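> Data: target-v9.cif, mmCIF, C-alpha atoms.
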```
data_entry
#
loop_
_atom_site.label_atom_id
_atom_site.label_comp_id
_atom_site.auth_asym_id
_atom_site.auth_seq_id
_atom_site.Cartn_x
_atom_site.Cartn_y
_atom_site.Cartn_z
CA MET C 1 1.38 8.69 7.05
CA ASP C 2 -0.35 11.73 5.60
CA THR C 3 -0.03 13.01 2.08
CA ALA C 4 -1.36 16.32 0.84
CA PRO C 5 -3.96 16.25 -1.92
CA SER C 6 -2.20 15.75 -5.25
CA GLU C 7 -2.72 14.53 -8.75
CA VAL C 8 -3.93 11.03 -9.53
CA LYS C 9 -0.99 8.97 -10.74
CA ILE C 10 -2.72 5.62 -11.31
CA SER C 11 -6.41 5.22 -12.07
CA CYS C 12 -7.84 1.71 -12.43
CA ARG C 13 -11.37 1.45 -13.77
CA GLY C 14 -13.43 -1.72 -14.06
CA VAL C 15 -10.43 -4.07 -14.01
CA TRP C 16 -11.30 -7.75 -14.48
CA LYS C 17 -9.13 -10.83 -14.72
CA ILE C 18 -10.64 -14.20 -15.53
CA PHE C 19 -8.27 -17.10 -16.15
CA GLY C 20 -9.40 -19.49 -18.86
CA PRO C 21 -9.67 -19.79 -22.66
CA GLN C 22 -13.10 -18.14 -22.95
CA ALA C 23 -12.57 -15.33 -20.43
CA ALA C 24 -14.37 -12.61 -22.39
CA ALA C 25 -17.41 -14.81 -22.99
CA VAL C 26 -17.54 -15.85 -19.35
CA LYS C 27 -17.39 -12.22 -18.23
CA ALA C 28 -20.25 -11.34 -20.58
CA SER C 29 -22.38 -14.10 -19.09
CA LEU C 30 -21.93 -13.11 -15.44
CA ASP C 31 -24.54 -11.41 -13.34
CA ALA C 32 -24.19 -9.63 -10.02
CA GLU C 33 -25.03 -12.78 -8.05
CA SER C 34 -22.41 -15.01 -9.69
CA SER C 35 -19.95 -16.08 -7.01
CA ARG C 36 -16.36 -17.06 -7.68
CA ALA C 37 -17.08 -20.64 -6.65
CA GLN C 38 -20.11 -20.81 -8.92
CA VAL C 39 -18.15 -19.43 -11.88
CA LEU C 40 -15.47 -22.07 -11.39
CA GLN C 41 -18.03 -24.84 -11.10
CA ASP C 42 -20.06 -23.75 -14.13
CA THR C 43 -17.28 -22.65 -16.49
CA SER C 44 -13.95 -24.05 -15.20
CA HIS C 45 -12.70 -20.46 -15.30
CA VAL C 46 -11.12 -18.64 -12.34
CA LEU C 47 -12.56 -15.24 -11.50
CA ALA C 48 -9.47 -13.63 -9.99
CA VAL C 49 -10.28 -9.89 -10.14
CA ARG C 50 -13.79 -8.56 -10.46
CA ASP C 51 -14.63 -5.02 -11.55
CA VAL C 52 -12.03 -3.25 -9.40
CA SER C 53 -11.72 0.55 -9.54
CA PHE C 54 -9.48 2.84 -7.50
CA ASP C 55 -7.12 5.84 -7.72
CA VAL C 56 -3.61 6.24 -6.36
CA ARG C 57 -2.32 9.76 -5.93
CA GLN C 58 1.18 11.03 -6.58
CA GLY C 59 3.52 10.17 -3.70
CA GLU C 60 1.12 8.00 -1.68
CA THR C 61 1.38 4.38 -0.62
CA PHE C 62 -1.77 2.47 -1.53
CA VAL C 63 -1.99 -0.92 0.19
CA VAL C 64 -4.07 -3.81 -1.13
CA MET C 65 -4.65 -6.27 1.69
CA GLY C 66 -6.37 -9.63 1.55
CA LEU C 67 -6.08 -13.29 2.40
CA SER C 68 -4.39 -15.82 0.15
CA GLY C 69 -6.40 -16.22 -3.05
CA SER C 70 -8.21 -12.90 -2.72
CA GLY C 71 -6.81 -11.66 -6.06
CA LYS C 72 -4.43 -8.99 -4.76
CA SER C 73 -1.27 -10.31 -6.46
CA THR C 74 -3.12 -10.80 -9.74
CA LEU C 75 -4.38 -7.22 -9.51
CA VAL C 76 -0.93 -5.69 -9.08
CA ARG C 77 0.32 -7.76 -12.03
CA CYS C 78 -2.55 -6.42 -14.14
CA ILE C 79 -1.32 -2.90 -13.45
CA SER C 80 2.06 -3.63 -15.05
CA ARG C 81 0.51 -6.13 -17.51
CA LEU C 82 2.63 -9.00 -16.29
CA VAL C 83 -0.88 -10.46 -16.33
CA GLU C 84 -3.16 -9.25 -19.12
CA PRO C 85 -6.46 -7.87 -17.77
CA THR C 86 -9.60 -9.40 -19.23
CA ALA C 87 -11.28 -5.99 -19.22
CA GLY C 88 -10.88 -2.51 -17.83
CA SER C 89 -8.36 0.30 -17.99
CA VAL C 90 -5.19 1.14 -16.06
CA ILE C 91 -4.42 4.81 -16.60
CA VAL C 92 -0.89 5.93 -15.70
CA ASN C 93 -0.07 9.59 -16.30
CA GLY C 94 -3.15 9.81 -18.51
CA GLU C 95 -2.13 6.87 -20.71
CA ASP C 96 -3.91 3.49 -20.72
CA VAL C 97 -1.42 0.72 -19.98
CA VAL C 98 -3.88 -1.87 -21.31
CA ALA C 99 -3.82 -0.20 -24.75
CA MET C 100 -0.01 0.10 -24.98
CA ASP C 101 1.86 -1.78 -27.69
CA ASP C 102 4.85 -3.92 -26.72
CA LYS C 103 7.41 -1.19 -27.35
CA ARG C 104 5.62 1.37 -25.17
CA LEU C 105 5.01 -1.21 -22.45
CA ILE C 106 8.72 -2.05 -22.32
CA GLU C 107 9.54 1.66 -22.01
CA LEU C 108 7.07 1.99 -19.15
CA ARG C 109 8.62 -0.91 -17.26
CA ARG C 110 12.17 0.28 -17.86
CA HIS C 111 11.71 3.93 -16.99
CA ASN C 112 8.48 4.58 -15.08
CA MET C 113 7.50 1.49 -13.10
CA SER C 114 9.49 -1.02 -11.04
CA MET C 115 8.35 -4.08 -9.13
CA VAL C 116 9.67 -5.74 -5.97
CA PHE C 117 8.66 -9.35 -5.39
CA GLN C 118 8.46 -11.61 -2.34
CA HIS C 119 11.22 -13.79 -3.76
CA PHE C 120 14.08 -11.49 -4.47
CA GLY C 121 14.93 -12.61 -8.03
CA LEU C 122 18.57 -11.59 -7.75
CA PHE C 123 21.19 -12.83 -10.21
CA PRO C 124 23.33 -15.26 -8.16
CA HIS C 125 26.40 -14.84 -10.41
CA ARG C 126 26.43 -11.03 -10.14
CA HIS C 127 27.85 -8.95 -7.33
CA VAL C 128 25.43 -6.85 -5.29
CA ILE C 129 26.43 -3.66 -7.11
CA ASP C 130 25.84 -5.27 -10.50
CA ASN C 131 22.45 -6.60 -9.42
CA ILE C 132 21.44 -3.09 -8.42
CA ALA C 133 22.76 -1.60 -11.66
CA TYR C 134 20.99 -4.14 -13.88
CA GLY C 135 18.01 -1.95 -14.76
CA LEU C 136 20.33 0.90 -15.72
CA GLU C 137 22.34 -1.52 -17.86
CA VAL C 138 19.16 -2.51 -19.71
CA GLN C 139 18.48 1.19 -20.28
CA GLY C 140 21.87 1.50 -21.96
CA ILE C 141 23.45 3.70 -19.30
CA ALA C 142 27.27 3.76 -19.44
CA LYS C 143 29.00 1.50 -16.91
CA ALA C 144 30.65 4.24 -14.87
CA ALA C 145 27.40 6.19 -14.56
CA ARG C 146 25.29 3.18 -13.64
CA LEU C 147 27.77 1.99 -11.01
CA GLU C 148 27.86 5.47 -9.50
CA LYS C 149 24.07 5.54 -9.28
CA ALA C 150 23.94 1.99 -7.92
CA GLY C 151 26.43 2.98 -5.24
CA GLU C 152 24.25 5.91 -4.16
CA VAL C 153 21.18 3.70 -3.87
CA LEU C 154 23.19 1.00 -2.09
CA GLU C 155 24.04 3.53 0.60
CA MET C 156 20.41 4.66 0.78
CA VAL C 157 19.23 1.15 1.68
CA GLY C 158 21.98 0.68 4.26
CA LEU C 159 24.26 -1.74 2.40
CA ALA C 160 27.38 0.38 1.90
CA GLY C 161 30.41 -1.90 1.95
CA TRP C 162 28.57 -4.94 0.56
CA GLU C 163 28.86 -4.07 -3.12
CA ARG C 164 31.35 -6.80 -4.03
CA HIS C 165 29.51 -9.61 -2.27
CA TYR C 166 27.27 -12.17 -3.97
CA PRO C 167 23.59 -12.62 -3.03
CA HIS C 168 24.19 -15.98 -1.31
CA GLN C 169 26.54 -14.23 1.12
CA LEU C 170 23.71 -11.98 2.36
CA SER C 171 20.87 -12.61 4.80
CA GLY C 172 17.28 -12.63 3.57
CA GLY C 173 16.71 -9.09 4.78
CA MET C 174 19.87 -7.87 3.08
CA GLN C 175 18.87 -9.59 -0.16
CA GLN C 176 15.52 -7.82 -0.05
CA ARG C 177 17.35 -4.52 0.43
CA VAL C 178 19.24 -5.30 -2.77
CA GLY C 179 15.93 -5.98 -4.52
CA LEU C 180 14.59 -2.65 -3.26
CA ALA C 181 17.78 -0.86 -4.34
CA ARG C 182 17.54 -2.38 -7.81
CA ALA C 183 14.00 -1.05 -8.16
CA LEU C 184 15.00 2.41 -6.91
CA ALA C 185 18.12 2.67 -9.08
CA VAL C 186 16.18 3.40 -12.27
CA ASP C 187 14.37 6.22 -10.41
CA PRO C 188 10.85 5.06 -11.35
CA GLU C 189 7.78 7.15 -10.69
CA ILE C 190 5.88 4.08 -9.49
CA LEU C 191 6.92 1.16 -7.30
CA LEU C 192 4.83 -2.02 -7.10
CA PHE C 193 5.43 -4.35 -4.14
CA ASP C 194 4.02 -7.87 -4.12
CA GLU C 195 4.27 -9.11 -0.51
CA PRO C 196 7.94 -8.09 -0.44
CA PHE C 197 8.57 -8.87 3.23
CA SER C 198 6.37 -11.92 3.84
CA ALA C 199 9.25 -14.42 3.51
CA LEU C 200 11.31 -12.63 6.17
CA ASP C 201 11.54 -13.36 9.89
CA PRO C 202 9.27 -11.08 11.98
CA LEU C 203 12.08 -8.91 13.35
CA ILE C 204 13.69 -8.44 9.94
CA ARG C 205 10.27 -7.80 8.47
CA ARG C 206 9.66 -4.92 10.88
CA GLU C 207 13.10 -3.52 10.11
CA MET C 208 12.36 -3.60 6.38
CA GLN C 209 8.99 -1.91 6.90
CA ASP C 210 10.71 0.86 8.86
CA GLU C 211 13.43 1.11 6.21
CA LEU C 212 10.92 1.49 3.40
CA LEU C 213 8.98 4.12 5.35
CA ARG C 214 12.23 6.01 5.93
CA ILE C 215 13.16 5.86 2.26
CA GLN C 216 9.66 6.91 1.21
CA GLU C 217 9.98 10.05 3.33
CA VAL C 218 12.92 10.98 1.10
CA VAL C 219 11.94 9.77 -2.38
CA ARG C 220 8.11 10.19 -2.23
CA LYS C 221 7.40 7.58 -4.89
CA THR C 222 3.90 6.43 -5.79
CA MET C 223 3.61 2.94 -4.32
CA ILE C 224 1.16 0.06 -4.49
CA PHE C 225 1.94 -2.41 -1.73
CA ILE C 226 0.40 -5.90 -1.56
CA THR C 227 0.19 -7.76 1.75
CA HIS C 228 -1.87 -10.37 3.60
CA ASP C 229 -0.91 -8.90 6.97
CA PHE C 230 -3.30 -6.28 8.35
CA SER C 231 -0.78 -4.88 10.83
CA GLU C 232 1.62 -4.32 7.96
CA ALA C 233 -1.15 -2.72 5.93
CA ILE C 234 -2.05 -0.11 8.53
CA LYS C 235 1.62 0.63 9.18
CA MET C 236 2.58 1.12 5.53
CA GLY C 237 -0.50 2.58 3.85
CA ASP C 238 -1.89 6.05 3.30
CA HIS C 239 -4.98 4.21 2.03
CA ILE C 240 -5.91 0.54 2.36
CA ALA C 241 -8.12 -1.53 0.09
CA ILE C 242 -9.44 -4.72 1.68
CA MET C 243 -9.90 -7.41 -0.97
CA LYS C 244 -12.06 -10.53 -0.87
CA ASP C 245 -12.91 -12.97 -3.68
CA GLY C 246 -11.49 -10.64 -6.31
CA GLU C 247 -13.40 -7.53 -5.17
CA PHE C 248 -12.69 -4.53 -2.97
CA VAL C 249 -14.74 -4.60 0.23
CA GLN C 250 -13.53 -1.29 1.67
CA ILE C 251 -11.12 1.47 0.63
CA ASP C 252 -10.17 3.98 3.29
CA THR C 253 -7.41 5.38 5.46
CA PRO C 254 -5.97 2.98 8.06
CA GLU C 255 -7.65 5.00 10.78
CA GLU C 256 -11.08 4.83 9.16
CA VAL C 257 -10.79 1.10 8.43
CA VAL C 258 -10.02 0.43 12.10
CA ALA C 259 -12.61 2.92 13.39
CA HIS C 260 -15.41 2.07 10.96
CA PRO C 261 -15.07 -1.38 9.34
CA VAL C 262 -17.85 -1.84 6.78
CA ASP C 263 -18.67 -5.47 7.63
CA ASP C 264 -17.69 -8.45 9.73
CA TYR C 265 -15.02 -9.54 7.24
CA VAL C 266 -13.11 -6.28 7.73
CA ARG C 267 -13.95 -6.14 11.43
CA ASP C 268 -12.26 -9.49 11.99
CA PHE C 269 -8.97 -8.04 10.73
CA THR C 270 -9.18 -5.09 13.12
CA GLU C 271 -9.83 -7.07 16.30
CA ASP C 272 -6.19 -7.50 17.34
CA VAL C 273 -4.97 -4.09 16.19
CA PRO C 274 -3.62 -1.85 18.98
CA ARG C 275 -6.27 0.83 18.47
CA TYR C 276 -4.46 3.38 20.63
CA LYS C 277 -1.64 3.41 18.04
CA VAL C 278 -3.96 3.93 15.05
CA LEU C 279 -6.99 5.99 16.06
CA THR C 280 -6.72 9.74 16.50
CA ALA C 281 -8.74 12.51 18.07
CA ARG C 282 -10.47 13.11 14.72
CA SER C 283 -12.01 9.62 14.66
CA VAL C 284 -13.07 9.67 18.32
CA MET C 285 -14.36 13.23 18.72
CA THR C 286 -17.89 14.54 18.79
CA ALA C 287 -18.17 16.85 15.79
CA ALA C 288 -18.56 20.57 16.44
CA THR C 289 -21.97 22.11 15.81
CA GLY C 290 -20.92 25.73 15.48
CA GLU C 291 -20.33 26.54 19.14
CA THR C 292 -17.05 28.00 20.36
CA VAL C 293 -15.14 26.36 23.20
CA ASN C 294 -12.31 28.82 23.72
CA SER C 295 -12.10 27.94 27.39
CA LEU C 296 -11.16 24.32 26.71
CA LYS C 297 -7.69 22.93 26.32
CA SER C 298 -7.09 21.82 22.75
CA VAL C 299 -5.33 18.98 20.92
CA PRO C 300 -4.47 18.59 17.22
CA ALA C 301 -6.85 16.36 15.25
CA ASP C 302 -4.07 13.85 14.48
CA THR C 303 -3.25 13.23 18.16
CA LEU C 304 -3.16 9.48 18.76
CA LEU C 305 -5.32 7.80 21.39
CA ASP C 306 -2.08 6.78 23.09
CA GLU C 307 -1.50 10.45 23.92
CA LEU C 308 -5.16 11.24 24.60
CA ILE C 309 -5.55 8.67 27.38
CA PRO C 310 -3.61 10.62 30.06
CA LEU C 311 -4.93 13.97 28.82
CA THR C 312 -8.60 13.00 29.13
CA ALA C 313 -8.00 11.04 32.33
CA ALA C 314 -6.56 14.13 34.00
CA SER C 315 -9.63 16.33 33.51
CA ASP C 316 -13.40 16.11 33.74
CA GLU C 317 -13.67 18.73 31.00
CA PRO C 318 -13.60 17.68 27.32
CA LEU C 319 -10.77 18.70 25.03
CA ALA C 320 -11.24 20.82 21.92
CA VAL C 321 -10.04 19.09 18.73
CA ILE C 322 -8.36 21.52 16.34
CA GLY C 323 -7.66 21.08 12.62
CA PRO C 324 -4.42 22.06 10.84
CA ASP C 325 -5.88 25.51 10.09
CA GLY C 326 -6.71 26.12 13.77
CA ARG C 327 -10.42 25.57 13.20
CA LEU C 328 -12.50 23.82 15.86
CA LEU C 329 -13.51 20.36 14.58
CA GLY C 330 -15.09 18.91 17.70
CA THR C 331 -14.57 17.84 21.29
CA ILE C 332 -13.35 14.69 22.96
CA ASP C 333 -13.78 13.40 26.47
CA ARG C 334 -12.79 10.48 28.67
CA THR C 335 -15.88 8.45 27.79
CA ALA C 336 -15.22 8.69 24.06
CA VAL C 337 -11.64 7.54 24.49
CA MET C 338 -12.67 4.57 26.64
CA MET C 339 -15.33 3.56 24.11
CA ALA C 340 -12.76 3.70 21.32
CA LEU C 341 -10.29 1.57 23.26
CA GLY C 342 -13.04 -0.96 23.82
CA GLY C 343 -13.81 -1.15 20.12
CA SER C 344 -17.09 0.78 20.23
CA LEU C 345 -17.19 4.02 18.25
CA ARG C 346 -20.09 6.32 17.60
CA SER C 347 -20.93 6.47 13.93
#
```
Let me see the structure of the file written as structure tokens.

Amino acid sequence: MDTAPSEVKISCRGVWKIFGPQAAAVKASLDAESSRAQVLQDTSHVLAVRDVSFDVRQGETFVVMGLSGSGKSTLVRCISRLVEPTAGSVIVNGEDVVAMDDKRLIELRRHNMSMVFQHFGLFPHRHVIDNIAYGLEVQGIAKAARLEKAGEVLEMVGLAGWERHYPHQLSGGMQQRVGLARALAVDPEILLFDEPFSALDPLIRREMQDELLRIQEVVRKTMIFITHDFSEAIKMGDHIAIMKDGEFVQIDTPEEVVAHPVDDYVRDFTEDVPRYKVLTARSVMTAATGETVNSLKSVPADTLLDELIPLTAASDEPLAVIGPDGRLLGTIDRTAVMMALGGSLRS
């Protein structure tokens, strides 16, 4: 997915989370070489998030991907202050969430920011429509208005006709749709997802990924999406942050992460990715050096390798790679495509 340049919606700077009674003192005592394991051994404190900084722009989906225990779920909870950061700032719309008093924080959670969890958290005694309308009820919206809005969102997530059912009468995928609808009903600016689809069967998981992508095309919310699945990360994200031991190892577009992993840890995740479905002409081309190649056939820079394979195979001449403004960016030939498919890219 591509998003045009836009304003920064969320800006995290130097976010730390250390679990333990002397967290601030432990942080002050750390040096650059202190590993998570060493901190635990020496202090009995858990270093969950370590000096993380990143920006999320309006309308983009920012994915934080890492293995179990990497700190990704703790990080997303620090953003909404479900977990209190040990240090750092979380700026949302120019306001520091970490500095908010309880009243302002409640307002933020009710009106500006919603969260979708792995375990759906639905009220078993409430009908689907009332589960979806719950956030509006908390806001004090009149019953008729909140049920009307809940009905609109119910249809958006593909559950029209299920409003009078209870959660236990729904499949796991349908329950997660209700959870998504409940988050959308309050029309938040920001949606936080903590491994929302990981408990679902693979087929249902793919359906929910596609559903969320479809909805995002319409609503254009600012999203932070947590996952441990790299395939899900590259499918869902405009940008991906790879997390390890509480720190970010690499932040980049899905294409750049696959094309240019920064180390072996990231490279291991990319090994089984179908590169022809991720890499584009831009990442495979030889950059232009000022020459004109008007005689060559051209392809847009975002053309996937999947489409480039037959095009380059059919000609001994390279193809010109053209940017959105029609400017020549570079050239691409059969050898470059084959190298990319084999996992070897020129840097």
> Which residue out of C:Leu200, C:Ala28, C:Met243, C:Ala133 has the minimum interatomic distance to Thr74 (chain C) when only C-alpha atoms are used?
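Closest candidate: C:Met243.
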> Skipping near chain neighbours, those fewer than 6 positions away, what residues fall within 10 Å of Val8 (chain C) using only C-alpha atoms, listed as a PyMOL selection string?
chain C and resi 55-60+91-94+222
> Check which residues satisfy the PyMOL selection byres ((chain C and resi 247) around 9) in the file shown, then give them as a PyMOL selection string.
chain C and resi 48-52+70-71+242-246+248-249
> Contacts between region 306-310 of chain C and region 210-277 of chain C, please, where a residue of region 210-277 of chain C counts if it comes within 9 Å (with only C-alpha atoms); show its shortest atom pair and distance in Å to one decimal, rows by chain and ascending number, as CSV.

```
residue,atom,partner,partner_atom,distance
C:Arg275,CA,C:Asp306,CA,8.6
C:Tyr276,CA,C:Asp306,CA,4.8
C:Lys277,CA,C:Asp306,CA,6.1
```
> How many Å separate CA of Glu211 (chain C) from CA of Arg109 (chain C)?
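It comes out at 24.0 Å.
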> Just want the 12 Å neighbourhood of Leu305 (chain C), counted on all atoms listed in the file, with same-chain residues fewer than 2 positions away dropped. Output as a count of residues only.
36
> So what do you get for CA of Thr270 (chain C) versus CA of Glu232 (chain C), distance-wise?
12.0 Å
> Given the PyMOL selection byres ((chain C and resi 16) around 10) and the file above, list the residues it selects as a tab-separated table (two decimals) with C-alpha atoms, keeping the file's coordinate frame.

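And here's result00.tsv as it stands now:
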```
chain	number	residue	atom	x	y	z
C	13	ARG	CA	-11.37	1.45	-13.77
C	14	GLY	CA	-13.43	-1.72	-14.06
C	15	VAL	CA	-10.43	-4.07	-14.01
C	17	LYS	CA	-9.13	-10.83	-14.72
C	18	ILE	CA	-10.64	-14.20	-15.53
C	19	PHE	CA	-8.27	-17.10	-16.15
C	23	ALA	CA	-12.57	-15.33	-20.43
C	24	ALA	CA	-14.37	-12.61	-22.39
C	27	LYS	CA	-17.39	-12.22	-18.23
C	47	LEU	CA	-12.56	-15.24	-11.50
C	48	ALA	CA	-9.47	-13.63	-9.99
C	49	VAL	CA	-10.28	-9.89	-10.14
C	50	ARG	CA	-13.79	-8.56	-10.46
C	51	ASP	CA	-14.63	-5.02	-11.55
C	52	VAL	CA	-12.03	-3.25	-9.40
C	53	SER	CA	-11.72	0.55	-9.54
C	74	THR	CA	-3.12	-10.80	-9.74
C	75	LEU	CA	-4.38	-7.22	-9.51
C	78	CYS	CA	-2.55	-6.42	-14.14
C	84	GLU	CA	-3.16	-9.25	-19.12
C	85	PRO	CA	-6.46	-7.87	-17.77
C	86	THR	CA	-9.60	-9.40	-19.23
C	87	ALA	CA	-11.28	-5.99	-19.22
C	88	GLY	CA	-10.88	-2.51	-17.83
C	89	SER	CA	-8.36	0.30	-17.99
C	246	GLY	CA	-11.49	-10.64	-6.31
C	247	GLU	CA	-13.40	-7.53	-5.17
```
> For CA of Phe193 (chain C) and CA of His127 (chain C), quote the distance in Å rounded to one decimal.
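Taking CA of Phe193 (chain C) as the start and CA of His127 (chain C) as the end point, the length is 23.1 Å.
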> Using the file's own x, y and z axes, so that the box edges lie along x, y and z, what centre and edge lengths in Å (one decimal) does a box around every listed atom of region 212-227 of chain C get when 6 Å is added on each side? Give it as lines of an AutoDock Vina configuration file.

```
center_x = 6.7
center_y = 1.6
center_z = 0.1
size_x = 25.0
size_y = 30.7
size_z = 23.7
```
> For Val90 (chain C), which residue out of C:Leu154, C:Ala288, C:Cys12, C:Val258 is the nearest one, using all atoms listed in the file?
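Going through C:Leu154, C:Ala288, C:Cys12, C:Val258 one by one, the smallest distance to Val90 (chain C) is for C:Cys12.
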> Select, from C:Ser315, C:Thr227, C:Thr289, C:Asn112, the residue with the minimum atom-to-atom distance to Val76 (chain C), counting all atoms listed in the file.
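Nearest candidate to Val76 (chain C) out of C:Ser315, C:Thr227, C:Thr289, C:Asn112: C:Thr227.
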> For the file shown, what are the residues hit by the PyMOL selection byres ((chain C and resi 124) around 12), laid out as a list in words?
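That expression, the PyMOL selection byres ((chain C and resi 124) around 12), corresponds here to Phe120, Gly121, Leu122, Phe123, His125, Arg126, His127, Val128, Asp130, Asn131, His165, Tyr166, Pro167, His168, Gln169, Leu170 and Gln175 of chain C.
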> (0.6, -4.5, 6.3) in this file's frame - what residues fall within 10 Å of it? Use all atoms listed in the file and give the answer as a PyMOL selection string.
chain C and resi 63-66+195+197-198+209+225-237+240
> Please, could N, CA and C atoms be added to region 223-246 of chain C and the result written as a short mmCIF file (atom, residue, chain, number, x, y, z; two decimals), in the frame of the given file?

```cif
data_model
loop_
_atom_site.label_atom_id
_atom_site.label_comp_id
_atom_site.auth_asym_id
_atom_site.auth_seq_id
_atom_site.Cartn_x
_atom_site.Cartn_y
_atom_site.Cartn_z
N MET C 223 3.42 4.35 -4.62
CA MET C 223 3.61 2.94 -4.32
C MET C 223 2.27 2.21 -4.21
N ILE C 224 2.23 1.01 -4.77
CA ILE C 224 1.16 0.06 -4.49
C ILE C 224 1.79 -1.12 -3.79
N PHE C 225 1.31 -1.43 -2.61
CA PHE C 225 1.94 -2.41 -1.73
C PHE C 225 0.94 -3.52 -1.41
N ILE C 226 1.28 -4.74 -1.78
CA ILE C 226 0.40 -5.90 -1.56
C ILE C 226 0.84 -6.64 -0.29
N THR C 227 -0.13 -7.00 0.55
CA THR C 227 0.19 -7.76 1.75
C THR C 227 -1.03 -8.57 2.20
N HIS C 228 -0.78 -9.63 2.97
CA HIS C 228 -1.87 -10.37 3.60
C HIS C 228 -1.93 -10.08 5.09
N ASP C 229 -1.05 -9.19 5.55
CA ASP C 229 -0.91 -8.90 6.97
C ASP C 229 -1.53 -7.53 7.28
N PHE C 230 -2.59 -7.52 8.09
CA PHE C 230 -3.30 -6.28 8.35
C PHE C 230 -2.45 -5.29 9.14
N SER C 231 -1.65 -5.78 10.07
CA SER C 231 -0.78 -4.88 10.83
C SER C 231 0.21 -4.18 9.91
N GLU C 232 0.72 -4.92 8.94
CA GLU C 232 1.62 -4.32 7.96
C GLU C 232 0.87 -3.30 7.12
N ALA C 233 -0.36 -3.62 6.76
CA ALA C 233 -1.15 -2.72 5.93
C ALA C 233 -1.37 -1.37 6.60
N ILE C 234 -1.76 -1.38 7.87
CA ILE C 234 -2.05 -0.11 8.53
C ILE C 234 -0.77 0.66 8.84
N LYS C 235 0.34 -0.04 8.94
CA LYS C 235 1.62 0.63 9.18
C LYS C 235 2.13 1.31 7.91
N MET C 236 1.96 0.66 6.76
CA MET C 236 2.58 1.12 5.53
C MET C 236 1.70 2.07 4.71
N GLY C 237 0.38 1.96 4.83
CA GLY C 237 -0.50 2.58 3.85
C GLY C 237 -1.01 3.96 4.20
N ASP C 238 -1.10 4.83 3.19
CA ASP C 238 -1.89 6.05 3.30
C ASP C 238 -3.37 5.72 3.12
N HIS C 239 -3.64 4.78 2.20
CA HIS C 239 -4.98 4.21 2.03
C HIS C 239 -4.84 2.69 1.94
N ILE C 240 -5.88 2.00 2.39
CA ILE C 240 -5.91 0.54 2.36
C ILE C 240 -7.17 0.11 1.62
N ALA C 241 -6.98 -0.85 0.72
CA ALA C 241 -8.12 -1.53 0.09
C ALA C 241 -8.15 -2.96 0.61
N ILE C 242 -9.27 -3.35 1.20
CA ILE C 242 -9.44 -4.72 1.68
C ILE C 242 -10.09 -5.52 0.56
N MET C 243 -9.45 -6.62 0.17
CA MET C 243 -9.90 -7.41 -0.97
C MET C 243 -10.39 -8.78 -0.53
N LYS C 244 -11.49 -9.22 -1.16
CA LYS C 244 -12.06 -10.53 -0.87
C LYS C 244 -12.69 -11.08 -2.14
N ASP C 245 -12.32 -12.30 -2.50
CA ASP C 245 -12.91 -12.97 -3.68
C ASP C 245 -12.84 -12.10 -4.93
N GLY C 246 -11.72 -11.41 -5.10
CA GLY C 246 -11.49 -10.64 -6.31
C GLY C 246 -12.08 -9.24 -6.30
#
```
